[in-house]
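> Below: one structure in structure tokens.
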Amino acid sequence: LLDQTRKNMIFVQGGSYMMGNFTKQLSPEVLKTFSFDTSGDIDPLHKVTLDSFSMSAHKATFAELDIYSKITGKPRVSNSESLKDDRLPQSAAGMTWQQAQDYCQWLGTQLKLPMGLPTEAPWEYVARNRGQNVLYATDNGKFELGINAPSNEQQRAFARNYKTPRTLSNPGQFKPTPLGFYDLISENYEWMQDWYDRNYYAHSPEHNPQGPASGSKKVLRSAHAQDDFYFKYTSSFSINRYADDPVIDAESKSDGMTPDYTNFNHSARCVVNSAQPLK
């Protein structure tokens with residue numbers, strides 16, 4: 001697990017970019033295709049300058065989290081009775097924010113590296129190929145169902161193999177981005193370090209923004225499988241922001257959903273907060 005974690009880390013040279021809603025800079029042909037209903041939380045466009053860092057090429061899998069649980073004695077993630085048959089070893093592991101943070105920090109302790117969850121500024125920088133105006137974090141910046149993004153039919157066929165009606169994560173089936181990252185566009189949301197504030201961009205600092213000092217929800221990036229139309233035209237943009245509760249108290253939820261069930265589509269991609277490449 002530790003050797004693979006180190007091998008999966010991709011060094012990203014820092015730099016400056018305009019973070020947020022760059023869609024007004026796109027061509028009229030592209031703009032007329034989309035509605036860009038973003039609820040205002042990706043405005044205004046603002047300059048961000050980042051130090052260099054390293055980020056995992058992949059989302060953490062159930063196989064990796066199970067090794068972590070076996071070593072540390074912590075409970076297995078998404079291991080409730082209703083989910084056990086859907087915990088595919090190769091799938092992106094579903095977990096709460098705290099479980100994701102604990103996992104990345106534990107890896108850092110073992111590897112003697114400053115590891116944790118990424119903040120959303122470097123995540124978007126990576127998804128946009130070091131801050132270019134890239135709307136889709138795919139191999140070519142385009143959205144091509146079945147070629148670089150999972151189609152409904154591919155998702156259903158994969159689930160049928162495991163005799164489940166649930167849409168399962170199937171990472172690594174498409175080519176990586178030009179920087180070498182897989183599944184930034186799909187295969188589960190990714191927890192960020194930042195607290196969520198829909199107005200944060202209006203007063204974000206330029207250098208290495210860390211998000212608000214406090215809040216009630218944590219930021220999520222990426223996306224999980226959904227219908228083709230919604231996936232392409234709404235949820236899969238590199239600039240999208242989402243948010244959810246970092247810890248779910250099942251007894252306080254009116255729908256009675258367990259933390260495992262609620263977070264099954266929430267995963268993690270660890271980062272090394274060091275300006276030097278890993279040796």
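A note on labels: chains of the structure tokens are A, B, ... as shown, every chain counts residues from 1, and ligands are counted from 1 in their shown order.
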Per residue of segment 192-211 of chain A within 12 Å of segment 92-112 of chain A, what are the shortest atom pair and its distance in Å to one decimal, counting only C-alpha atoms, with rows by chain and residue number, as CSV?

```
residue,atom,partner,partner_atom,distance
A:Met192,CA,A:Trp97,CA,8.1
A:Gln193,CA,A:Gln101,CA,7.9
A:Asp194,CA,A:Trp97,CA,10.6
A:Trp195,CA,A:Trp97,CA,10.9
```
> To one decimal place, how far is atom CA of Val12 of chain A from atom CA of Leu113 of chain A in Å?
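The value is 15.9 Å.
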> For Leu26 of chain A, which residue among A:Ser56, A:Gln132, A:Asn148, A:Gln155 is the nearest when counting only C-alpha atoms?
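Selected residue with least distance to Leu26 of chain A: A:Gln132.
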> Would you return as a PyMOL selection string the members of segment 94-196 of chain A that DSSP assigns to helix (DSSP H, G or I) on this structure's backbone?
chain A and resi 97-111+120-127+152-161
